[in-house]
Every structure is written in C-alpha cells, then in structure tokens.
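Participant: One structure, as structure tokens, below. Some questions next.
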Amino acid sequence: MAQMVLSGDEAIAQAALDAGVAGAFAYPGTPSTEIMEYLQEHIEDVGDPAPGATDGQSGEAAQRDAAKAPRVAQWCTNEKTAYESALGASHTGRRAMVSMKHVGLNVAMDPFVNSALLKINGGLVVVVADDPSMHSSQDEQDSRVLADFARVPCFEPSDQQEAYDMARAAFDYSERHEVPVLLRVTTRLAHARAMVRMEEALSVTDRGETHDPGSWVLMPAMARKRWAALLEKQTEFKADADAACALDLRSKDLGVITCGLARAYYMENEGAWAAAHGGERPSHLHIGRYPVGTEKIKALVRHVGRILVLEEGYPYIERDIRGVFGAPVPVAGKLSGEIPLAGELNADSVRAALGIPGHEGVGFAGIEVPGRPPQFCQGCPHADSFTALKRALEGEADFFTASDIGCYTLAALPPWNAVESCVDMGASAGMARGAAAVGQKRAIGVIGDSTFYHSGMTNLLDAVRHRTPMTLLILDNGTTGMTGAQPTISPTDLLPKLLEGLGVEKAHIRVLEAHRRAIDADVAAIREELAYDGVSVIVMVRECIEWLKKVRKS
Amino acid sequence: MTCDIILCGVGGQGGLSVSVVIARAAMAAGFQVKQSEIQGMSQRGGEVLANLRISDREIFSPTISKGQADIIFAFEPLEALRHVAWLSADHGTVVSAMAPILNIPNYLDIEAVRAEIRRIPRARLVDADAIARQEGNARGANVVLVGAGADLLPIPTVLIEREIAALFARKGDEVVQANLRAFRAGSALRHE
C-alpha cells in the first residue's frame, strides 16, 4: 500500500483520483484551492486518455466511450457553475467532485439544495473547506448546518488519513443512496500535512446515463415525490452515521464528544486528564458523519455524569444535545462558555475545557509586539490603481467606494484607506449601483477581473439596463491573485468585448495601464468617467506580481 | 520523544520551504511528522507561521500548545517575540535571525527587540544574513538559521543536508553547494 505525505486538501484530491473521478470542478478559495491544483497536476498521471483535457477545450468534445472518455479537472467561473458542471457529469453516470471554500457554498446553494432531491447517478461529492478563525475569509459559517439544511449526508474527517478514506467512501455512499455527499474540512485539516496510506486506485466507473426524467425534473409534482424520498432516506442516513461513530465507555464521570478535527485536540490532552484522574480516561464518542445518529449519544449519556462537546465551528451537535428541555446530565461546550463561541479550537482551549492547567510559556515584560498585516506586494499593480483613484477623488467630498473580495481589499487598510466595503464576491458592483440608484454621487465599485467574472457581470447588466450612473473599476491583473495566481476564466483581451456585449457604451469602456508611469493619464480618465452620467467601466490592466513569479519559476 | 518546532517569519523569507526540509529529513530518519501552516493572505508580507511536530509515536494536534515548543526558528526577530509564549520555559530554545524586516511603520526599536531575545534562556541570536552573504548566498539566511539549530533536532545532519540538496536540485549544483555551505556555516556556530 503506497504512502505519501499529503495535506488534507491533497489527500481528498488523491482520493478522488483513486475513486475514479471523471469530472472535478472548482473556483479557487482558501483553504480549498489546493484540491484542484493537485488534481490538475496529477489527473494525467492516472492515465488521462485525453491529453489537454484539463484545459477544458479538447477533452469534452471527444467521443464518449467508457474507456476513452476524458477525465477533467477544471477551474470554473464560480462555485455555482462548478457545481452544475459536476451535476451534469454525475448525470452521465460518471463520478464527479466539486470543491470550494465555505462561502463558496453560499454561491452554489441553489444547485446544492436542489440536487439533494435528484436521483444522483455517478457519485457526487461536494467538498467544502470551512475557515473557523477567518484566517482568509469574511465569516466562519459551519457547512454542517448547510448539509443539514439540504438534508444531505455530511462526512467530516478528523485527520489527513480520514480525509482520504472518507472522500473515497463518500463516492460509494453517494451512489448507493443516490444523493450528493458533502465532505466538510476546516483550515487546519486542509492545510496540515501528514502521512497518508492509499488504497488501490479504481479505474473510471460508469453507471450509464440515467433515463429517468421523473427523478431529475424538479417540477412541483415530481419534486414532491423526490422530497418525500429524500425525507425517507434520513432514517437510514442517521443509522449509518450512528454505526460509523466510535464510542468508548470508560470514565463514569466525564463523557467527551468530539467531531472532526476536535478529536486531535482532545487526544492531545487525553493522557493528561487520565493522569489527573487515577489513570482512567474519559468516556469518548467521536462523530464523523451527519445527520447525527442518536443511539450512541444516548448510550454515552446513560454512562456518565457530565458531557463535554468539542466541535470545530458552530455549537451544532451541542445545541441538538441540549434541546429545548435540556439534557439529562450537565453539558459543557461553546454554549456554556467552556469553549469560546468564536474562532477555531486548539489543544490549549480544549485543555482548559477539560480542566487541566495550561503549560507555562516564556514571558517577556513591557513590550507589545505590533501586528504585521499583509500588504500589497512590492510593485503590485493594484497599488498604482489605488494611487490613481485616490488622486482622482482628491477634493471630492461626496463619493462611495465599494470594494470586493481579493488582494485589493487591502486598500481598506492604512495607508490607503481607499475603499469602504467588502462583503461578498461581486458585491462592489451591485452596491455601487444600488447606492447610485437612490442618489449617491460618484458611486464607484472596485473589483478584480476574476471576481468580476465570478459574480460582477450580472450587477453590471442591472446597471446598464437601468442606466444607473456609476463607475466600475476592474483591476485586471489576469489572474486570481490572492489564492496563489490561478488562471482566470477569460483573458484580458476579451474583456472589452464582453463589456460591450453587456451593453456598456464603447466610449465609456476605458482600458488603462495600471502603472505609475501612466498615472496622470489614469487620473484624468477616471475623473472624466466619474463625471459621466451613465455606466462607465475603467479596466486597469497590468499582470499580477505573484503570477509573474510563478511563471518565471515554471 | 516528541520535538515540537515553530518556524516563523515574514512572507517571502522562505520559512515554509525550510520547514519542508526538516519535515522530510525527520521522516527519512523514521519519525512521524505533522506539519501545519497558515497560507493565503500571510503570503503578502504579513506574518508567516508553520508548526512542525516530529515524534516517534502518533501525533494528534496539528498545532503546538503554548509553552510546549522545543525550538522556535524565527527568521525575523520581532516574529521571535511574537511566538515566545509557545516556547517551553524549562527547555525550549529560540533560534532567531538578527536582521529586522521593516515593512510596518510601528516597528519597535530593534536593539530593544534583540535585548529581549537575549534575555530568553538559551536564546541563539544569529546574524544569519551576514553569514549567508559571507558564504556567497545572500538568499540563504533561512538555511543558515536551520544550521544554527541543527544540533537541537533529533535528526542526523546528513539527512538534513540531503533534503537541502533535494530542495535546490532544480536550480543546479551551484545553488545546492551554496546552500549546503550556508547550512554548515550555521552549524559551525558555537552557542553559550
């Protein structure tokens, strides 16, 4: 059996390859990006019969033949398009995976929730990487709640080995129960590396196309039947999840429930707890699958005097266990304050919740270490774009600058203080438009090219059709920079045509060089467009420094 | 035996790549390894932090508890201070570079920072940049620093050198040799 050192993300990608995945689709987002990067690097290693299939051009047109059909790993425009591609691939009977960060699932929520009602054909695995502590995100939503909302099974690995094993098992489970399976990981699991043992790789499986419109056409009459079928499956999902839980009945005093990665932090401290309690270890229930089964939780509660719940993310299981009428034994966790409600777990917070004194670190007096926030790379084109924008707005009192998700959000920090909002992918264009629609003067959206393709285009179409006076600055560096310079879905030279196609007047599509040597011309052009009483788009073009480095390396 | 190592610095210093060198060498020596790093926005000149845990038994937590690190490799002195709370008070060693990276307006007085590091028991303050330059490898400060703490690692030096050679193999023999020289110059330093 082969072994390799893999991150959680890489283990999932390798599992998908070994499970015979035929179509993998994604939009970059920390901490999920490396799944697709690994797939793209390795999909040909596993005998991809269609050279160049990963570019999405040559492979798909190939004649469909189980042995020769292409295997693809593709970046998509956004998480929704990626999800729908995976769904279509699954419909053909072949295995499909879509991966994204937690907030990406919000974008893909429509296909996700509705695909739960379909009779899934080829295994469909939805990998969602949550980011508790918001290392690189705007919130710390817990995808287990969304799996529950969609009524789909959710698998949550506790280490890199389980990430591999569960990803493989998720394809089987998806096919057996004809339902999408959500695989939830968190940042520390996605990005930490450990040794992973791999099973024998399967060849690409093909269950044949489904010819059952009744199970794929969600018109009300048919959807009602499918919904009933999904609800009926819940009992089995719960029983399977319960069977998969590991229960060790030991101490009669304390019972610890762990989910996912929390197991690692608990195990780190289990020995110390035992040492302080006459060598006896706590009773322990580990939950790695949802919807949560109840039998083992009941068995644990019957055995112990109190419960501690350790889970990464929301107090999701803890809330269930407490219920409205309370649990039969005291429950400690996030809701009672033993574990902080916000932020990720760690071995220290779990240690404190277990009532074990912390370790003594080295202290030093009198110095407060200043933070070192991320900043624009030396020579970043965004810096020049914001210099131009700030100069163009000099002397103006009434303006609104909405920004978006990308490196350029750093312009919200000193010394720039150049933008006033950052909410979700594409929001800058919509917020600037909405503000302008109700009278805001000089409403400006600032958005990157990748984010514009992801979710900005539709907002721009709204602005065009309503003739809303606003200016959109597209900072076109030709890449998705913040996640490590992945290719954007469309190249720079096609952007002006795309904007024209959306209905922006040609005279008000200004393509400028985002460089200090062009600053005077850039400032003048921005001023002209801010004065224009209609929709204008300024494209600030220069390639990303990070991307340049990457290209030079390869 | 468990050896918990924190590697910290500023984005672009190559801290994460030497973390891989130590991890691979530890595996070659037969240890289990868990390695955790925070990527993403930290690449942009912000703080970079890697946790590396080496053990002869199963490792659970991907991150190191406060007061438990055996070694802190700090590629930048202010970053050393940021993470000393993770250093074991009774036996931990901080191995820190001397040269500051002045990319924030409110950087502290560098002499005060160095004085604080010197006050930490067993601390090794290494002029890694100067040594790297002397060895004709201006970009090798990170490798010098690993050399300066190599005696604290439970790994035979030959295995570390082998992984350094592997890391730079793509860049040709000259770069490999320059980095091996930097590592050996770091190893040759004597500490109180």
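Scheme for the structure tokens: letters A, B, ... for chains in order shown; per-chain residue numbers from 1; ligand numbers from 1 in order shown.
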Excluding stretch 367-374 of chain A and residues on its chain fewer than 4 positions from it, collect all residues at most 10 Å away from it, counting only C-alpha atoms, and give them as a PDB file with C-alpha atoms, in the first residue's frame.
Facilitator:
ATOM      1  CA  CYS A 407      -5.950  41.238  -2.675  1.00  0.00           C
ATOM      2  CA  LEU A 410      -6.089  45.521   1.420  1.00  0.00           C
ATOM      3  CA  LEU A 413      -6.191  49.489   5.426  1.00  0.00           C
TER       4      LEU A 413
ATOM      5  CA  VAL B  10       7.597  37.257   7.211  1.00  0.00           C
ATOM      6  CA  GLY B  11       6.063  36.253   3.875  1.00  0.00           C
ATOM      7  CA  GLY B  40      -3.340  32.769   1.992  1.00  0.00           C
ATOM      8  CA  MET B  41      -3.096  36.399   2.917  1.00  0.00           C
ATOM      9  CA  SER B  42       0.010  35.785   5.011  1.00  0.00           C
ATOM     10  CA  GLN B  43       1.960  35.466   1.766  1.00  0.00           C
ATOM     11  CA  ARG B  44       1.656  39.213   1.243  1.00  0.00           C
ATOM     12  CA  GLY B  45       4.442  40.452   3.522  1.00  0.00           C
ATOM     13  CA  GLY B  46       2.493  39.514   6.625  1.00  0.00           C
ATOM     14  CA  GLU B  47       3.381  37.064   9.372  1.00  0.00           C
ATOM     15  CA  VAL B  48       4.093  33.506   8.314  1.00  0.00           C
ATOM     16  CA  LEU B  78      10.129  40.633  16.021  1.00  0.00           C
ATOM     17  CA  GLU B  79       8.429  37.426  14.928  1.00  0.00           C
ATOM     18  CA  ALA B  80      10.519  35.566  17.525  1.00  0.00           C
ATOM     19  CA  LEU B  81       8.994  37.713  20.253  1.00  0.00           C
ATOM     20  CA  ARG B  82       5.513  37.223  18.826  1.00  0.00           C
ATOM     21  CA  HIS B  83       5.768  33.477  19.391  1.00  0.00           C
ATOM     22  CA  LEU B 102      10.990  46.877   8.389  1.00  0.00           C
ATOM     23  CA  ASN B 103       7.721  46.750   6.487  1.00  0.00           C
ATOM     24  CA  ILE B 104       5.475  48.236   9.166  1.00  0.00           C
ATOM     25  CA  PRO B 105       5.516  51.844  10.343  1.00  0.00           C
ATOM     26  CA  ASN B 106       5.373  50.970  14.055  1.00  0.00           C
ATOM     27  CA  TYR B 107       8.314  48.553  14.208  1.00  0.00           C
ATOM     28  CA  LEU B 108       9.896  48.546  17.660  1.00  0.00           C
ATOM     29  CA  ALA B 112      15.256  46.553  22.376  1.00  0.00           C
ATOM     30  CA  VAL B 113      13.867  43.605  20.423  1.00  0.00           C
ATOM     31  CA  GLU B 116      14.505  40.901  24.817  1.00  0.00           C
TER      32      GLU B 116
END
Participant: Taking the DSSP secondary structure from the backbone, can you list the residues of stretch 109-352 of chain A that are helix (DSSP H, G or I), as an NGL selection string?
Facilitator: :A and (109-115 or 143-150 or 160-177 or 187-191 or 213-215 or 220-244 or 262-276 or 295-303 or 316-322 or 347-352)
Participant: Taking only C-alpha atoms into account and nothing else, which residues of chain A lie no more than 7 Å away from chain B? Please answer as an MDAnalysis selection string.
Facilitator: chainID A and resid 30 136 188 191:194 264:265 267:268 347:348 359:363 369:370 372:377 482:483
Participant: How far is it from atom CA of A:Asp404 to atom CA of A:Ser450, in Å with one decimal?
Facilitator: 10.8 Å
Participant: So which bits of stretch 4-171 of chain B end up strand (DSSP E or B) when you DSSP the backbone, as a PyMOL selection string?
Facilitator: chain B and resi 4-10+32-37+47-55+69+71-74+87-88+93-97+124-126
Participant: Those residues you just picked out, can you put them in a file as a PDB file, in the first residue's frame with C-alpha atoms?
Facilitator:
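The new file selection-v4.pdb reads:
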ATOM      1  CA  ASP B   4       7.776  20.495  18.575  1.00  0.00           C
ATOM      2  CA  ILE B   5       9.104  23.211  16.291  1.00  0.00           C
ATOM      3  CA  ILE B   6       7.687  26.602  15.397  1.00  0.00           C
ATOM      4  CA  LEU B   7       9.015  28.358  12.307  1.00  0.00           C
ATOM      5  CA  CYS B   8       8.033  31.997  11.992  1.00  0.00           C
ATOM      6  CA  GLY B   9       8.931  34.941   9.858  1.00  0.00           C
ATOM      7  CA  VAL B  10       7.597  37.257   7.211  1.00  0.00           C
ATOM      8  CA  GLN B  32       6.186  10.579  12.308  1.00  0.00           C
ATOM      9  CA  VAL B  33       5.586  14.146  11.245  1.00  0.00           C
ATOM     10  CA  LYS B  34       2.716  16.612  11.270  1.00  0.00           C
ATOM     11  CA  GLN B  35       3.158  19.963   9.637  1.00  0.00           C
ATOM     12  CA  SER B  36       0.710  22.842   9.700  1.00  0.00           C
ATOM     13  CA  GLU B  37       0.924  26.243   8.152  1.00  0.00           C
ATOM     14  CA  GLU B  47       3.381  37.064   9.372  1.00  0.00           C
ATOM     15  CA  VAL B  48       4.093  33.506   8.314  1.00  0.00           C
ATOM     16  CA  LEU B  49       3.850  30.675  10.793  1.00  0.00           C
ATOM     17  CA  ALA B  50       4.469  26.961  10.469  1.00  0.00           C
ATOM     18  CA  ASN B  51       4.081  24.314  13.178  1.00  0.00           C
ATOM     19  CA  LEU B  52       6.179  21.200  12.757  1.00  0.00           C
ATOM     20  CA  ARG B  53       5.759  18.246  15.096  1.00  0.00           C
ATOM     21  CA  ILE B  54       8.167  15.311  15.000  1.00  0.00           C
ATOM     22  CA  SER B  55       7.631  12.221  17.128  1.00  0.00           C
ATOM     23  CA  ALA B  69       7.703  24.246  21.669  1.00  0.00           C
ATOM     24  CA  ILE B  71      12.566  25.036  19.198  1.00  0.00           C
ATOM     25  CA  ILE B  72      11.461  28.288  17.604  1.00  0.00           C
ATOM     26  CA  PHE B  73      13.198  29.140  14.358  1.00  0.00           C
ATOM     27  CA  ALA B  74      12.500  32.854  13.861  1.00  0.00           C
ATOM     28  CA  LEU B  87       8.334  28.188  23.807  1.00  0.00           C
ATOM     29  CA  SER B  88       8.849  25.711  26.629  1.00  0.00           C
ATOM     30  CA  THR B  93      15.419  27.235  22.556  1.00  0.00           C
ATOM     31  CA  VAL B  94      14.705  30.179  20.305  1.00  0.00           C
ATOM     32  CA  VAL B  95      16.993  30.451  17.292  1.00  0.00           C
ATOM     33  CA  SER B  96      16.430  33.888  15.803  1.00  0.00           C
ATOM     34  CA  ALA B  97      17.832  35.899  12.945  1.00  0.00           C
ATOM     35  CA  ARG B 124      20.596  31.989  19.951  1.00  0.00           C
ATOM     36  CA  LEU B 125      20.648  35.280  18.098  1.00  0.00           C
ATOM     37  CA  VAL B 126      22.297  34.644  14.766  1.00  0.00           C
TER      38      VAL B 126
END
